[in-house]
Number of protein chains: 2
Amino acid sequence: MAAPDRPLTPTQERVYSRLLEHQRRTGRLPELSDLARSLGIHYVSLRQHLEALRKKGYLEFESRGRGRSPYLALPPHATGVPVLGDIPAGPFDAAVAHPEAFLPMPGLAGASFALRVRGDSMADLIQPGDVVLLARRPLSRDGEICAVRVGEEDATLKYVRRLPGGRVELRPHNPAYDTLTVPADEVSLDGVYLGLLRGDAADALLEPA
Amino acid sequence: MAAPDRPLTPTQERVYSRLLEHQRRTGRLPELSDLARSLGIHYVSLRQHLEALRKKGYLEFESRGRGRSPYLALPPHATGVPVLGDIPAGPFDAAVAHPEAFLPMPGLAGASFALRVRGDSMADLIQPGDVVLLARRPLSRDGEICAVRVGEEDATLKYVRRLPGGRVELRPHNPAYDTLTVPADEVSLDGVYLGLLRGDAADALLEPA
DNA sequence: AGCGGGACTACAGAAACTATAGCACCCGCG
DNA sequence: CGCGGGTGCTATAGTTTCTGTAGTCCCGCT
């Protein structure tokens, strides 16, 4: 119930996306009466929708007594970047994986996710406990660092380059490991490297799920 | 006037730090009447202090008409990590440097800052346009990556290790460059590596100063 | 002696929010 | 066909926050 678990009706969708938009634009949430006016519906109706959204897990909404402003907030999964699992790690399905925690980064929410580094198999620039930020988008320039999986192996970070003939070159940062070239259809590209947070910095930022 | 430029009186200081604390704890700002009660002062007095803080550049505060909640916000420099300049770059004085922009990361504010990478002299893991997060703290473990300056040179990122005899080893990530050992008093350690954001991710997060 | 910071009292009005109740329409489902 | 859910309205009455303005007091500093 903590995470969105039920589909929204059209009007609930309208209310919810209006809240997201307002949060992005202004960094805060609108007042209920303003929102009701701008949606063209009545205050009482709006509250019914907010209550429905709350029950479905899309937001936090709590009355604080007569005359007081209600507590209204979008939960971390709406504004934060989810930490989906570990790297290297077994195959994870972004649609199914349930996040362990969230990085509050409104500018990146939706288009990206994060993985925590578990082993020390990566280059010395990345340590166990670090959190790697990854964009959910296809490769745009050759040579970008990506989280990739080959077949059933664990996800790892590699420099990815497309080769002629439908093959892909996977080069590890650590030169002690081999560079692979694999048919493109055997590689699943999970995310493009967007950044990294040292373990202690990540811990200071993370919000529990 | 945009940044804090004048000293605060004791009570203004109290009001301001209470706001910071509330923002850290709850992620939002308190209502004025609650705040006044918890500070043990009257509502009208509180508003005088908020107005004074606004004039001194410590916060944004604007009345929105009778009966409406006032607009109250802490500016980016209170909750964000400042981007102080470029790396490699000439000596920058953290106390004097005026930030170009801010990364909204409340958990790290105060204890850290950021530098934008300008040249491509760093290792291939760090590209021009990236933003490097740095902690304002001394070296805690040998081998940490730090932004250091030797004498009057530009600041660069190096693996730093303390050696017996008051010397310091500075090892670049790129093995093509030399590892230096320098007397500790010739090295100024500007910050300890906390993380990195790719240029496009940083651009999505940055707030102008 | 004057000034600024700090703090209070008082009052009237605007707007937001709570709480509750009732009415109406449309739609899908059993 | 009836029922429930979603949507939306009207209405009333009460609480609280916030605005705006005005006046009083004390204290420390210049």
# chains A, B, ... in the order shown; residues from 1 in each chain; ligands from 1

call {"tool": "interface_residues", "arguments": {"of": "chain A", "to": "chain C", "cutoff": "9 Å", "atoms": "only C-alpha atoms (C1' of nucleotides)", "output": "PyMOL selection string"}}
result
chain A and resi 31-33+63-70

call {"tool": "interface_residues", "arguments": {"of": "chain A", "to": "chain B", "cutoff": "7 Å", "atoms": "only C-alpha atoms", "output": "list of chain:residue names"}}
result
A:Gly107, A:Leu108, A:Leu194, A:Gly195, A:Leu196, A:Leu197, A:Arg198, A:Ala201, A:Ala204, A:Leu205

call {"tool": "interface_residues", "arguments": {"of": "chain D", "to": "chain B", "cutoff": "12 Å", "atoms": "only C-alpha atoms (C1' of nucleotides)", "output": "list in words"}}
result
DT16, DT17, DC18, DT19, DG20 and DT21 of chain D

call {"tool": "write_last_selection", "arguments": {"atoms": "C-alpha atoms (C1' of nucleotides)", "output": "mmCIF file, in the first residue's frame"}}
result
data_model
loop_
_atom_site.group_PDB
_atom_site.id
_atom_site.type_symbol
_atom_site.label_atom_id
_atom_site.label_comp_id
_atom_site.auth_asym_id
_atom_site.auth_seq_id
_atom_site.Cartn_x
_atom_site.Cartn_y
_atom_site.Cartn_z
ATOM 1 C "C1'" DT D 16 -7.300 28.572 12.459
ATOM 2 C "C1'" DT D 17 -3.971 31.075 10.037
ATOM 3 C "C1'" DC D 18 -2.539 35.127 8.189
ATOM 4 C "C1'" DT D 19 -2.925 40.302 7.127
ATOM 5 C "C1'" DG D 20 -2.805 45.092 8.407
ATOM 6 C "C1'" DT D 21 -2.457 48.519 11.473
#

call {"tool": "select_by_dssp", "arguments": {"residues": "stretch 36-151 of chain B", "states": "strand (DSSP E)", "output": "number ranges by chain"}}
result
B: 60-62, 71-73, 81-87, 101-103, 112-117, 131-135, 144-150

call {"tool": "write_last_selection", "arguments": {"atoms": "N, CA and C atoms", "output": "mmCIF file, in the first residue's frame"}}
result
data_model
loop_
_atom_site.group_PDB
_atom_site.id
_atom_site.type_symbol
_atom_site.label_atom_id
_atom_site.label_comp_id
_atom_site.auth_asym_id
_atom_site.auth_seq_id
_atom_site.Cartn_x
_atom_site.Cartn_y
_atom_site.Cartn_z
ATOM 1 N N GLU B 60 13.504 33.818 1.683
ATOM 2 C CA GLU B 60 12.482 34.454 0.872
ATOM 3 C C GLU B 60 11.182 34.441 1.667
ATOM 4 N N PHE B 61 10.574 35.615 1.733
ATOM 5 C CA PHE B 61 9.383 35.750 2.562
ATOM 6 C C PHE B 61 8.491 36.792 1.930
ATOM 7 N N GLU B 62 7.304 36.369 1.576
ATOM 8 C CA GLU B 62 6.407 37.303 0.921
ATOM 9 C C GLU B 62 4.975 37.018 1.331
ATOM 10 N N TYR B 71 4.377 33.130 1.354
ATOM 11 C CA TYR B 71 5.411 32.381 0.658
ATOM 12 C C TYR B 71 6.680 32.466 1.481
ATOM 13 N N LEU B 72 7.162 31.342 1.939
ATOM 14 C CA LEU B 72 8.364 31.306 2.783
ATOM 15 C C LEU B 72 9.266 30.213 2.270
ATOM 16 N N ALA B 73 10.533 30.537 1.992
ATOM 17 C CA ALA B 73 11.448 29.524 1.467
ATOM 18 C C ALA B 73 12.872 29.874 1.847
ATOM 19 N N VAL B 81 24.276 22.442 -2.338
ATOM 20 C CA VAL B 81 25.726 22.332 -2.384
ATOM 21 C C VAL B 81 26.220 23.301 -3.449
ATOM 22 N N PRO B 82 27.076 24.246 -3.087
ATOM 23 C CA PRO B 82 27.497 25.262 -4.050
ATOM 24 C C PRO B 82 28.508 24.725 -5.067
ATOM 25 N N VAL B 83 28.355 25.145 -6.301
ATOM 26 C CA VAL B 83 29.362 24.865 -7.321
ATOM 27 C C VAL B 83 30.304 26.057 -7.342
ATOM 28 N N LEU B 84 31.506 25.860 -6.833
ATOM 29 C CA LEU B 84 32.379 26.996 -6.534
ATOM 30 C C LEU B 84 33.264 27.400 -7.694
ATOM 31 N N GLY B 85 33.514 26.511 -8.643
ATOM 32 C CA GLY B 85 34.386 26.906 -9.737
ATOM 33 C C GLY B 85 34.737 25.720 -10.592
ATOM 34 N N ASP B 86 35.897 25.775 -11.192
ATOM 35 C CA ASP B 86 36.296 24.740 -12.125
ATOM 36 C C ASP B 86 37.475 23.949 -11.586
ATOM 37 N N ILE B 87 37.647 22.771 -12.159
ATOM 38 C CA ILE B 87 38.804 21.970 -11.836
ATOM 39 C C ILE B 87 39.273 21.314 -13.125
ATOM 40 N N ALA B 101 26.276 28.171 -8.961
ATOM 41 C CA ALA B 101 24.983 27.491 -8.929
ATOM 42 C C ALA B 101 24.954 26.573 -7.714
ATOM 43 N N PHE B 102 23.835 25.891 -7.544
ATOM 44 C CA PHE B 102 23.693 25.016 -6.388
ATOM 45 C C PHE B 102 23.076 23.685 -6.784
ATOM 46 N N LEU B 103 23.541 22.631 -6.153
ATOM 47 C CA LEU B 103 22.912 21.323 -6.274
ATOM 48 C C LEU B 103 22.004 21.149 -5.066
ATOM 49 N N SER B 112 29.902 20.307 2.223
ATOM 50 C CA SER B 112 30.498 19.938 0.947
ATOM 51 C C SER B 112 30.304 21.032 -0.086
ATOM 52 N N PHE B 113 31.028 20.891 -1.187
ATOM 53 C CA PHE B 113 30.880 21.823 -2.296
ATOM 54 C C PHE B 113 31.158 21.050 -3.580
ATOM 55 N N ALA B 114 31.097 21.727 -4.699
ATOM 56 C CA ALA B 114 31.256 21.028 -5.970
ATOM 57 C C ALA B 114 32.096 21.869 -6.919
ATOM 58 N N LEU B 115 32.752 21.192 -7.839
ATOM 59 C CA LEU B 115 33.537 21.864 -8.866
ATOM 60 C C LEU B 115 33.183 21.262 -10.221
ATOM 61 N N ARG B 116 33.150 22.125 -11.232
ATOM 62 C CA ARG B 116 32.864 21.622 -12.569
ATOM 63 C C ARG B 116 34.175 21.293 -13.268
ATOM 64 N N VAL B 117 34.195 20.187 -13.958
ATOM 65 C CA VAL B 117 35.410 19.747 -14.642
ATOM 66 C C VAL B 117 35.528 20.472 -15.974
ATOM 67 N N VAL B 131 30.388 17.349 -12.936
ATOM 68 C CA VAL B 131 30.497 18.082 -11.681
ATOM 69 C C VAL B 131 30.966 17.121 -10.596
ATOM 70 N N VAL B 132 32.008 17.505 -9.903
ATOM 71 C CA VAL B 132 32.596 16.660 -8.870
ATOM 72 C C VAL B 132 32.161 17.169 -7.507
ATOM 73 N N LEU B 133 31.625 16.269 -6.710
ATOM 74 C CA LEU B 133 31.201 16.590 -5.349
ATOM 75 C C LEU B 133 32.365 16.374 -4.389
ATOM 76 N N LEU B 134 32.609 17.340 -3.533
ATOM 77 C CA LEU B 134 33.741 17.241 -2.625
ATOM 78 C C LEU B 134 33.320 17.573 -1.196
ATOM 79 N N ALA B 135 33.858 16.801 -0.247
ATOM 80 C CA ALA B 135 33.553 17.043 1.158
ATOM 81 C C ALA B 135 34.591 17.972 1.747
ATOM 82 N N GLU B 144 42.140 7.933 -0.315
ATOM 83 C CA GLU B 144 40.959 8.660 -0.771
ATOM 84 C C GLU B 144 41.332 9.625 -1.895
ATOM 85 N N ILE B 145 40.349 9.846 -2.760
ATOM 86 C CA ILE B 145 40.546 10.801 -3.843
ATOM 87 C C ILE B 145 40.256 12.196 -3.313
ATOM 88 N N CYS B 146 41.167 13.128 -3.571
ATOM 89 C CA CYS B 146 40.982 14.482 -3.047
ATOM 90 C C CYS B 146 41.297 15.507 -4.133
ATOM 91 N N ALA B 147 40.706 16.670 -3.974
ATOM 92 C CA ALA B 147 41.123 17.819 -4.768
ATOM 93 C C ALA B 147 42.254 18.490 -4.007
ATOM 94 N N VAL B 148 43.414 18.550 -4.620
ATOM 95 C CA VAL B 148 44.578 19.098 -3.930
ATOM 96 C C VAL B 148 45.254 20.145 -4.799
ATOM 97 N N ARG B 149 45.930 21.049 -4.126
ATOM 98 C CA ARG B 149 46.797 21.998 -4.817
ATOM 99 C C ARG B 149 48.189 21.911 -4.232
ATOM 100 N N VAL B 150 49.182 21.885 -5.095
ATOM 101 C CA VAL B 150 50.574 21.894 -4.647
ATOM 102 C C VAL B 150 51.131 23.270 -4.973
#

call {"tool": "atom_distance", "arguments": {"atom1": "atom CA of B:Arg6", "atom2": "atom CA of B:Lys56"}}
result
5.9 Å

call {"tool": "closest_residue", "arguments": {"among": "A:Leu8, A:Leu157, A:Ala78, A:Leu189", "to": "D:DG6", "atoms": "only C-alpha atoms (C1' of nucleotides)"}}
result
A:Leu8

call {"tool": "atom_distance", "arguments": {"atom1": "atom CA of A:His49", "atom2": "atom CA of A:Glu100"}}
result
28.5 Å

call {"tool": "select_by_dssp", "arguments": {"residues": "chain A", "states": "helix (DSSP H, G or I)", "output": "ChimeraX atom specification"}}
result
/A:10-26,32-39,43-55,76-79,106-108,184-186,199-205

call {"tool": "decode", "arguments": {"residues": "chain D", "atoms": "C-alpha atoms (C1' of nucleotides)", "output": "tab-separated table (two decimals), in the first residue's frame"}}
result
chain	number	residue	atom	x	y	z
D	1	DC	C1'	-32.44	-4.04	-12.74
D	2	DG	C1'	-30.21	-2.53	-8.70
D	3	DC	C1'	-25.88	-1.36	-6.65
D	4	DG	C1'	-21.65	0.83	-6.06
D	5	DG	C1'	-18.04	3.82	-7.66
D	6	DG	C1'	-16.57	7.94	-9.72
D	7	DT	C1'	-17.62	12.60	-10.40
D	8	DG	C1'	-19.47	16.89	-9.00
D	9	DC	C1'	-22.50	20.15	-6.92
D	10	DT	C1'	-24.88	22.95	-2.88
D	11	DA	C1'	-25.09	24.33	1.81
D	12	DT	C1'	-23.85	25.43	6.60
D	13	DA	C1'	-21.10	26.33	10.52
D	14	DG	C1'	-17.04	26.50	12.93
D	15	DT	C1'	-11.66	26.81	13.59
D	16	DT	C1'	-7.30	28.57	12.46
D	17	DT	C1'	-3.97	31.07	10.04
D	18	DC	C1'	-2.54	35.13	8.19
D	19	DT	C1'	-2.92	40.30	7.13
D	20	DG	C1'	-2.81	45.09	8.41
D	21	DT	C1'	-2.46	48.52	11.47
D	22	DA	C1'	-1.62	50.80	15.76
D	23	DG	C1'	0.12	51.64	20.11
D	24	DT	C1'	3.09	50.50	24.33
D	25	DC	C1'	7.22	49.06	26.78
D	26	DC	C1'	12.15	47.84	27.90
D	27	DC	C1'	16.95	47.75	26.99
D	28	DG	C1'	21.59	48.64	25.24
D	29	DC	C1'	24.33	51.39	22.40
D	30	DT	C1'	26.02	55.63	20.39
